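See structure below.
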Amino acid sequence: MKLEIITPDKTIFEGEAELVQLPGIDGSFEILNNHAPLISALDTGKIKVKTAGVESFYEINGGVIEVLDNKVLILAQ
Amino acid sequence: MPSLKEVRVRIASVKSTRQITSAMKMVAASKLRRAQNAIMTMRPYAAKLQEIMQNLSGSLDGSDEGIFGQDRGDNKVLLIPITSNRGLCGAFNANVIKETNHLLEGTYANQYKAGNVDFMCIGKKSADAFKKDGYNVVATHIDIFNDLSFEAVVEIAESLMADFAAKKYDKIILVYNQFKNAAVQILQTEQFLPVVPEETESEDGNVANYIFEPNKEDILEALVPKSIKVTLYKALLDSFAAEHGARMTAMHKATENADELVKELNLTYNKARQAAITKEILEIVGGAEALKG
């Protein structure tokens with residue numbers, strides 16, 4: 001799936017990812033390939049992104065996520 | 001005809017002014033590029049956020065607007081004119097100040113007479129102008145443009161939101177220049193708070209069946225303050241980019257004018273020089289003639 005993490009200042013991540021783990025406001029959750037369309041609010045915390053077996057982490061201060069057509073867009077702060 | 005020396009001094013002074021304006025133009029151009037990048041990365045973010053908000057509020061019945069959507073009329077108004085800290089950028093600042101005064105005389109004339117219009121000035125030029133004229137300036141933010149970051153803007157936005165929630169103001173209006181391109185700025189008067197309800201686009205079927213987690217109301221509640229902050233940040237970025245655009249254009253024109261002036265002065269100088277030479281020759285010839293006779 002295509003993943004994009006953007007903040008008002010810059011794009012933090014752009015590219016393919018296999019797995020994204022997110023800090024939802026009601027608890028942590030993961031998104032895998034071909035997820036159903038989703039909109040959710042995010043809390044302060046870490047985003048875990050797994051690309052080709054390699055994990056990377058990004059700190060965010062709240063945000064919102066939209067999943068549509070295997071494209072994940074995270075508007076972080 | 002001016003004397004040779006006079007013209008020479010003028011040429012030198014015009015040339016040195018030209019050097020300054022052309023340097024300022026270069027500086028503005030490089031700053032503009034950076035500011036332009038910032039606004040260009042910001043716009044998709046703002047657009048997407050707007051889209052998600054629309055998506056959310058469109059499917060809600062709209063009865064619950066939340067605290068930042070409350071329309072309490074416009075008894076107490078806060079105007080936020082956004083200008084630059086420095087001048088020499090054409091009509092950039094004057095336009096904002098003029099428009100703000102226009103609002104005072106027109107839309108908010110009654111509130112102004114009752115002393116219910118406050119100002120929060122962003123940028124030194126607006127702070128100077130409105131303080132001088134004795135308006136009720138409650139806060140100024142001058143340093144914000146030194147390092148324009150989202151965090152700094154969030155602080156201002158949060159204090160504004162707190163003031164609004166505490167019913168200190170019923171309406172908060174932004175006046176700023178929107179950046180269109182380097183040569184064009186569009187003067188904008190925008191209602192910052194209460195949030196103007198989004199016009200819901202017609203349901204044209206291609207709205208995906210989103211899963212909302214935890215639920216629409218909670219997401220919207222989390223998103224509204226965010227979008228308010230983003231609105232202010234976008235206005236500031238716009239104004240910042242527009243300022244450099246305006247300065248670049250103004251300095252470009254100034255440089256061109258200086259070029260023209262130097263050209264004209266050179267012509268005058270050469271004419272004066274020629275006249276002086278002719279006069280000298282005439283004198284010599286006249287002297288020689290007199291000796292002969």
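Quick note on naming: the chains in the structure tokens go A, B, ... in the order shown, residues restart at 1 in each chain, and ligands are numbered from 1 in order of appearance.
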Practice item. Return as a list in words the residues belonging to chain B that are within 8 Å of chain A, counting only C-alpha atoms. Key: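 So the residues of chain B near chain A are Ala38, Thr41, Met42, Tyr45, Ala46, Leu49, Ile52, Ser149, Phe150, Ala208, Asn209, Tyr210, Ile211, Phe212, Glu213, Pro214, Ile219, Ala222, Leu223 and Val230 of chain B.
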How would the residues just picked look written out with C-alpha atoms as an mmCIF file, in the first residue's frame?
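Writing done, so here's again09.cif:
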```cif
data_model
loop_
_atom_site.group_PDB
_atom_site.id
_atom_site.type_symbol
_atom_site.label_atom_id
_atom_site.label_comp_id
_atom_site.auth_asym_id
_atom_site.auth_seq_id
_atom_site.Cartn_x
_atom_site.Cartn_y
_atom_site.Cartn_z
ATOM 1 C CA ALA B 38 6.389 26.122 2.689
ATOM 2 C CA THR B 41 3.608 21.790 1.019
ATOM 3 C CA MET B 42 1.018 23.271 3.342
ATOM 4 C CA TYR B 45 -2.403 19.314 3.863
ATOM 5 C CA ALA B 46 -5.032 21.988 4.371
ATOM 6 C CA LEU B 49 -8.022 18.206 6.075
ATOM 7 C CA ILE B 52 -12.054 14.985 5.500
ATOM 8 C CA SER B 149 6.827 27.380 12.619
ATOM 9 C CA PHE B 150 3.589 25.564 13.187
ATOM 10 C CA ALA B 208 -16.522 6.002 -0.092
ATOM 11 C CA ASN B 209 -18.107 4.044 2.706
ATOM 12 C CA TYR B 210 -15.640 4.947 5.372
ATOM 13 C CA ILE B 211 -15.312 3.191 8.667
ATOM 14 C CA PHE B 212 -15.180 5.855 11.349
ATOM 15 C CA GLU B 213 -13.073 5.028 14.348
ATOM 16 C CA PRO B 214 -14.126 5.671 17.130
ATOM 17 C CA ILE B 219 -13.244 12.579 15.168
ATOM 18 C CA ALA B 222 -10.596 16.300 17.492
ATOM 19 C CA LEU B 223 -10.372 17.793 14.023
ATOM 20 C CA VAL B 230 -4.160 25.107 10.284
#
```
Check your understanding: Looking only at the backbone, which of the residues in segment 15-66 of chain A does DSSP tag as strand (DSSP E), as number ranges by chain?
Key -> A: 15-16, 19-24, 27-32, 38-51, 54-66
Check your understanding: Contacts of Asn95 of chain B at 12 Å or less, counting only C-alpha atoms, minus same-chain residues fewer than 2 places along, as an MDAnalysis selection string?
Key -> chainID B and resid 81:84 89:93 97:102 125:126 175:178 185:189 243 246
Can you spit out the residues from that selection as a PDB file, in the first residue's frame, using N, CA and C atoms?
```
ATOM      1  N   PRO B  81      -5.207  42.082  11.641  1.00  0.00           N
ATOM      2  CA  PRO B  81      -4.537  42.449  10.385  1.00  0.00           C
ATOM      3  C   PRO B  81      -3.131  41.820  10.360  1.00  0.00           C
ATOM      4  N   ILE B  82      -2.833  41.103   9.308  1.00  0.00           N
ATOM      5  CA  ILE B  82      -1.517  40.458   9.193  1.00  0.00           C
ATOM      6  C   ILE B  82      -0.680  41.207   8.158  1.00  0.00           C
ATOM      7  N   THR B  83       0.413  41.821   8.615  1.00  0.00           N
ATOM      8  CA  THR B  83       1.300  42.535   7.696  1.00  0.00           C
ATOM      9  C   THR B  83       2.718  41.993   7.865  1.00  0.00           C
ATOM     10  N   SER B  84       3.663  42.688   7.244  1.00  0.00           N
ATOM     11  CA  SER B  84       5.050  42.267   7.383  1.00  0.00           C
ATOM     12  C   SER B  84       5.706  43.091   8.486  1.00  0.00           C
ATOM     13  N   CYS B  89       7.809  47.098   0.328  1.00  0.00           N
ATOM     14  CA  CYS B  89       7.223  45.999  -0.424  1.00  0.00           C
ATOM     15  C   CYS B  89       5.942  46.472  -1.109  1.00  0.00           C
ATOM     16  N   GLY B  90       6.013  47.652  -1.665  1.00  0.00           N
ATOM     17  CA  GLY B  90       4.884  48.159  -2.432  1.00  0.00           C
ATOM     18  C   GLY B  90       3.686  48.449  -1.551  1.00  0.00           C
ATOM     19  N   ALA B  91       2.508  48.133  -2.066  1.00  0.00           N
ATOM     20  CA  ALA B  91       1.277  48.454  -1.348  1.00  0.00           C
ATOM     21  C   ALA B  91       0.852  47.331  -0.414  1.00  0.00           C
ATOM     22  N   PHE B  92       1.757  46.381  -0.210  1.00  0.00           N
ATOM     23  CA  PHE B  92       1.435  45.175   0.565  1.00  0.00           C
ATOM     24  C   PHE B  92       0.793  45.491   1.917  1.00  0.00           C
ATOM     25  N   ASN B  93       1.490  46.298   2.721  1.00  0.00           N
ATOM     26  CA  ASN B  93       0.975  46.601   4.054  1.00  0.00           C
ATOM     27  C   ASN B  93      -0.164  47.604   4.014  1.00  0.00           C
ATOM     28  N   ILE B  97      -3.947  47.516   5.851  1.00  0.00           N
ATOM     29  CA  ILE B  97      -4.375  48.548   6.794  1.00  0.00           C
ATOM     30  C   ILE B  97      -5.619  49.268   6.269  1.00  0.00           C
ATOM     31  N   LYS B  98      -5.602  49.520   4.965  1.00  0.00           N
ATOM     32  CA  LYS B  98      -6.754  50.195   4.350  1.00  0.00           C
ATOM     33  C   LYS B  98      -8.007  49.344   4.470  1.00  0.00           C
ATOM     34  N   GLU B  99      -7.855  48.065   4.198  1.00  0.00           N
ATOM     35  CA  GLU B  99      -9.009  47.164   4.251  1.00  0.00           C
ATOM     36  C   GLU B  99      -9.553  47.067   5.685  1.00  0.00           C
ATOM     37  N   THR B 100      -8.625  47.045   6.656  1.00  0.00           N
ATOM     38  CA  THR B 100      -9.059  46.969   8.049  1.00  0.00           C
ATOM     39  C   THR B 100      -9.834  48.227   8.442  1.00  0.00           C
ATOM     40  N   ASN B 101      -9.320  49.382   8.024  1.00  0.00           N
ATOM     41  CA  ASN B 101     -10.037  50.622   8.301  1.00  0.00           C
ATOM     42  C   ASN B 101     -11.397  50.638   7.628  1.00  0.00           C
ATOM     43  N   HIS B 102     -11.414  50.073   6.448  1.00  0.00           N
ATOM     44  CA  HIS B 102     -12.647  49.977   5.682  1.00  0.00           C
ATOM     45  C   HIS B 102     -13.684  49.159   6.453  1.00  0.00           C
ATOM     46  N   LYS B 125       4.329  46.345  11.012  1.00  0.00           N
ATOM     47  CA  LYS B 125       3.707  47.458  10.298  1.00  0.00           C
ATOM     48  C   LYS B 125       2.275  47.699  10.754  1.00  0.00           C
ATOM     49  N   SER B 126       1.520  46.614  10.971  1.00  0.00           N
ATOM     50  CA  SER B 126       0.143  46.815  11.413  1.00  0.00           C
ATOM     51  C   SER B 126       0.132  47.286  12.862  1.00  0.00           C
ATOM     52  N   VAL B 175      -7.396  39.642   8.373  1.00  0.00           N
ATOM     53  CA  VAL B 175      -7.193  40.396   7.136  1.00  0.00           C
ATOM     54  C   VAL B 175      -5.753  40.161   6.691  1.00  0.00           C
ATOM     55  N   TYR B 176      -5.559  39.572   5.526  1.00  0.00           N
ATOM     56  CA  TYR B 176      -4.199  39.258   5.097  1.00  0.00           C
ATOM     57  C   TYR B 176      -4.110  39.175   3.586  1.00  0.00           C
ATOM     58  N   ASN B 177      -2.882  39.136   3.103  1.00  0.00           N
ATOM     59  CA  ASN B 177      -2.640  38.985   1.677  1.00  0.00           C
ATOM     60  C   ASN B 177      -2.434  37.521   1.354  1.00  0.00           C
ATOM     61  N   GLN B 178      -3.217  37.030   0.431  1.00  0.00           N
ATOM     62  CA  GLN B 178      -3.021  35.646   0.017  1.00  0.00           C
ATOM     63  C   GLN B 178      -2.027  35.616  -1.132  1.00  0.00           C
ATOM     64  N   GLN B 185      -0.812  39.397  -5.245  1.00  0.00           N
ATOM     65  CA  GLN B 185      -1.332  39.058  -3.931  1.00  0.00           C
ATOM     66  C   GLN B 185      -2.823  39.364  -3.922  1.00  0.00           C
ATOM     67  N   ILE B 186      -3.567  38.500  -3.291  1.00  0.00           N
ATOM     68  CA  ILE B 186      -5.001  38.744  -3.206  1.00  0.00           C
ATOM     69  C   ILE B 186      -5.340  39.079  -1.758  1.00  0.00           C
ATOM     70  N   LEU B 187      -5.940  40.242  -1.565  1.00  0.00           N
ATOM     71  CA  LEU B 187      -6.303  40.659  -0.219  1.00  0.00           C
ATOM     72  C   LEU B 187      -7.500  39.843   0.249  1.00  0.00           C
ATOM     73  N   GLN B 188      -7.361  39.220   1.430  1.00  0.00           N
ATOM     74  CA  GLN B 188      -8.406  38.341   1.932  1.00  0.00           C
ATOM     75  C   GLN B 188      -8.930  38.847   3.263  1.00  0.00           C
ATOM     76  N   THR B 189     -10.247  38.833   3.420  1.00  0.00           N
ATOM     77  CA  THR B 189     -10.851  39.066   4.722  1.00  0.00           C
ATOM     78  C   THR B 189     -11.583  37.789   5.070  1.00  0.00           C
ATOM     79  N   GLU B 243       4.449  38.595   1.060  1.00  0.00           N
ATOM     80  CA  GLU B 243       5.317  39.730   1.396  1.00  0.00           C
ATOM     81  C   GLU B 243       6.579  39.710   0.529  1.00  0.00           C
ATOM     82  N   ALA B 246       5.777  40.476  -3.011  1.00  0.00           N
ATOM     83  CA  ALA B 246       5.516  41.899  -3.211  1.00  0.00           C
ATOM     84  C   ALA B 246       6.819  42.690  -3.184  1.00  0.00           C
TER      85      ALA B 246
END
```
Check your understanding: Which residues come within 8 Å of Met1 of chain A, counting only C-alpha atoms, excluding same-chain residues fewer than 5 positions away, as a list of chain:residue names?
Key ->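 Surrounding residues, per the criterion: A:Glu16, A:Ala17, A:Glu18, A:Leu32, A:Asn33, A:Asn34, A:Asn70, A:Lys71, A:Val72.
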**Study point:** Polymer residues at most 8 Å from Gly245 of chain B, only C-alpha atoms, same-chain spacing of 4 or more positions, as a VMD selection string
**Key:** chain B and resid 28 to 29 32 179 181 to 184 241 249
Could you write those residues out with N, CA and C atoms, as a PDB file, in the first residue's frame?
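Contents of result.pdb, as written:
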```pdb
ATOM      1  N   ALA B  28      14.950  38.974  -1.528  1.00  0.00           N
ATOM      2  CA  ALA B  28      13.520  38.663  -1.507  1.00  0.00           C
ATOM      3  C   ALA B  28      13.227  37.443  -2.360  1.00  0.00           C
ATOM      4  N   ALA B  29      13.932  37.335  -3.492  1.00  0.00           N
ATOM      5  CA  ALA B  29      13.678  36.205  -4.381  1.00  0.00           C
ATOM      6  C   ALA B  29      14.043  34.892  -3.717  1.00  0.00           C
ATOM      7  N   LEU B  32      11.622  34.239  -0.998  1.00  0.00           N
ATOM      8  CA  LEU B  32      10.333  33.877  -1.590  1.00  0.00           C
ATOM      9  C   LEU B  32      10.300  32.403  -1.937  1.00  0.00           C
ATOM     10  N   PHE B 179      -1.156  34.615  -1.087  1.00  0.00           N
ATOM     11  CA  PHE B 179      -0.128  34.494  -2.115  1.00  0.00           C
ATOM     12  C   PHE B 179      -0.698  33.786  -3.330  1.00  0.00           C
ATOM     13  N   ASN B 181       0.869  34.392  -6.905  1.00  0.00           N
ATOM     14  CA  ASN B 181       2.196  34.141  -7.462  1.00  0.00           C
ATOM     15  C   ASN B 181       3.079  35.313  -7.092  1.00  0.00           C
ATOM     16  N   ALA B 182       4.315  35.292  -7.561  1.00  0.00           N
ATOM     17  CA  ALA B 182       5.271  36.284  -7.091  1.00  0.00           C
ATOM     18  C   ALA B 182       4.780  37.717  -7.309  1.00  0.00           C
ATOM     19  N   ALA B 183       3.994  37.932  -8.359  1.00  0.00           N
ATOM     20  CA  ALA B 183       3.603  39.294  -8.683  1.00  0.00           C
ATOM     21  C   ALA B 183       2.210  39.641  -8.160  1.00  0.00           C
ATOM     22  N   VAL B 184       1.425  38.639  -7.806  1.00  0.00           N
ATOM     23  CA  VAL B 184       0.035  38.916  -7.463  1.00  0.00           C
ATOM     24  C   VAL B 184      -0.290  38.462  -6.042  1.00  0.00           C
ATOM     25  N   ALA B 241       4.756  34.543   2.268  1.00  0.00           N
ATOM     26  CA  ALA B 241       5.167  34.357   0.879  1.00  0.00           C
ATOM     27  C   ALA B 241       4.759  35.568   0.046  1.00  0.00           C
ATOM     28  N   THR B 249       8.809  42.178  -6.420  1.00  0.00           N
ATOM     29  CA  THR B 249       8.268  42.958  -7.532  1.00  0.00           C
ATOM     30  C   THR B 249       8.584  44.438  -7.360  1.00  0.00           C
TER      31      THR B 249
END
```
Practice item. If you run DSSP over the backbone, which residues in segment 43-206 of chain B end up helix (DSSP H, G or I)? Put them as a ChimeraX atom specification. Key: /B:43-59,67-69,92-105,109-113,124-132,143-145,150-165
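Relative to atom CA of Ile31 of chain A, atom CA of Ser227 of chain B is found at 24.6 Å.
Atom CA of Phe57 of chain A sits 26.5 Å away from atom CA of Glu155 of chain B.
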Exercise for review: Tell me, as an MDAnalysis selection string, which residues lie within 9 Å of segment 270-286 of chain B, counting only C-alpha atoms; anything in the same chain fewer than 2 positions away does not count.
Suggested key: chainID B and resid 1:4 7 265:268 288:291
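Residue nearest His252 of chain B within the list B:Leu88, B:Ile172, B:Met40, B:Val14: B:Leu88 [criterion: smallest interatomic distance, only C-alpha atoms].
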Hey, what's within 10 Å of segment 138-145 of chain B if we count only C-alpha atoms and toss same-chain stuff fewer than 3 positions away? As a PDB file with C-alpha atoms, in the first residue's frame, please?
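Final file, out.pdb:
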```pdb
ATOM      1  CA  LEU B  78     -11.379  41.046  17.195  1.00  0.00           C
ATOM      2  CA  ILE B  80      -6.332  40.474  13.095  1.00  0.00           C
ATOM      3  CA  ILE B  82      -1.517  40.458   9.193  1.00  0.00           C
ATOM      4  CA  THR B  83       1.300  42.535   7.696  1.00  0.00           C
ATOM      5  CA  SER B  84       5.050  42.267   7.383  1.00  0.00           C
ATOM      6  CA  ASN B  85       7.685  43.533   9.780  1.00  0.00           C
ATOM      7  CA  ASP B 118     -10.136  45.011  19.510  1.00  0.00           C
ATOM      8  CA  PHE B 119      -7.018  44.432  17.455  1.00  0.00           C
ATOM      9  CA  MET B 120      -4.428  41.744  17.482  1.00  0.00           C
ATOM     10  CA  CYS B 121      -1.678  42.897  15.187  1.00  0.00           C
ATOM     11  CA  ILE B 122       0.597  40.400  13.509  1.00  0.00           C
ATOM     12  CA  GLY B 123       3.607  42.074  11.933  1.00  0.00           C
ATOM     13  CA  LYS B 124       5.293  45.296  12.959  1.00  0.00           C
ATOM     14  CA  LYS B 125       3.707  47.458  10.298  1.00  0.00           C
ATOM     15  CA  SER B 126       0.143  46.815  11.413  1.00  0.00           C
ATOM     16  CA  ALA B 127       1.113  47.156  15.070  1.00  0.00           C
ATOM     17  CA  ASP B 128       2.674  50.566  14.376  1.00  0.00           C
ATOM     18  CA  LYS B 131      -1.231  51.795  17.837  1.00  0.00           C
ATOM     19  CA  TYR B 135      -7.010  51.736  18.363  1.00  0.00           C
ATOM     20  CA  LEU B 148       7.565  30.827  11.228  1.00  0.00           C
ATOM     21  CA  SER B 149       6.827  27.380  12.619  1.00  0.00           C
ATOM     22  CA  ALA B 152       4.547  29.078  17.306  1.00  0.00           C
ATOM     23  CA  VAL B 153       1.309  29.610  15.400  1.00  0.00           C
ATOM     24  CA  ILE B 156      -1.507  32.080  19.130  1.00  0.00           C
ATOM     25  CA  LEU B 236       0.503  33.439   8.020  1.00  0.00           C
ATOM     26  CA  LEU B 237       2.387  31.390   5.456  1.00  0.00           C
ATOM     27  CA  SER B 239       1.121  36.445   4.015  1.00  0.00           C
ATOM     28  CA  PHE B 240       4.804  35.635   4.427  1.00  0.00           C
TER      29      PHE B 240
END
```
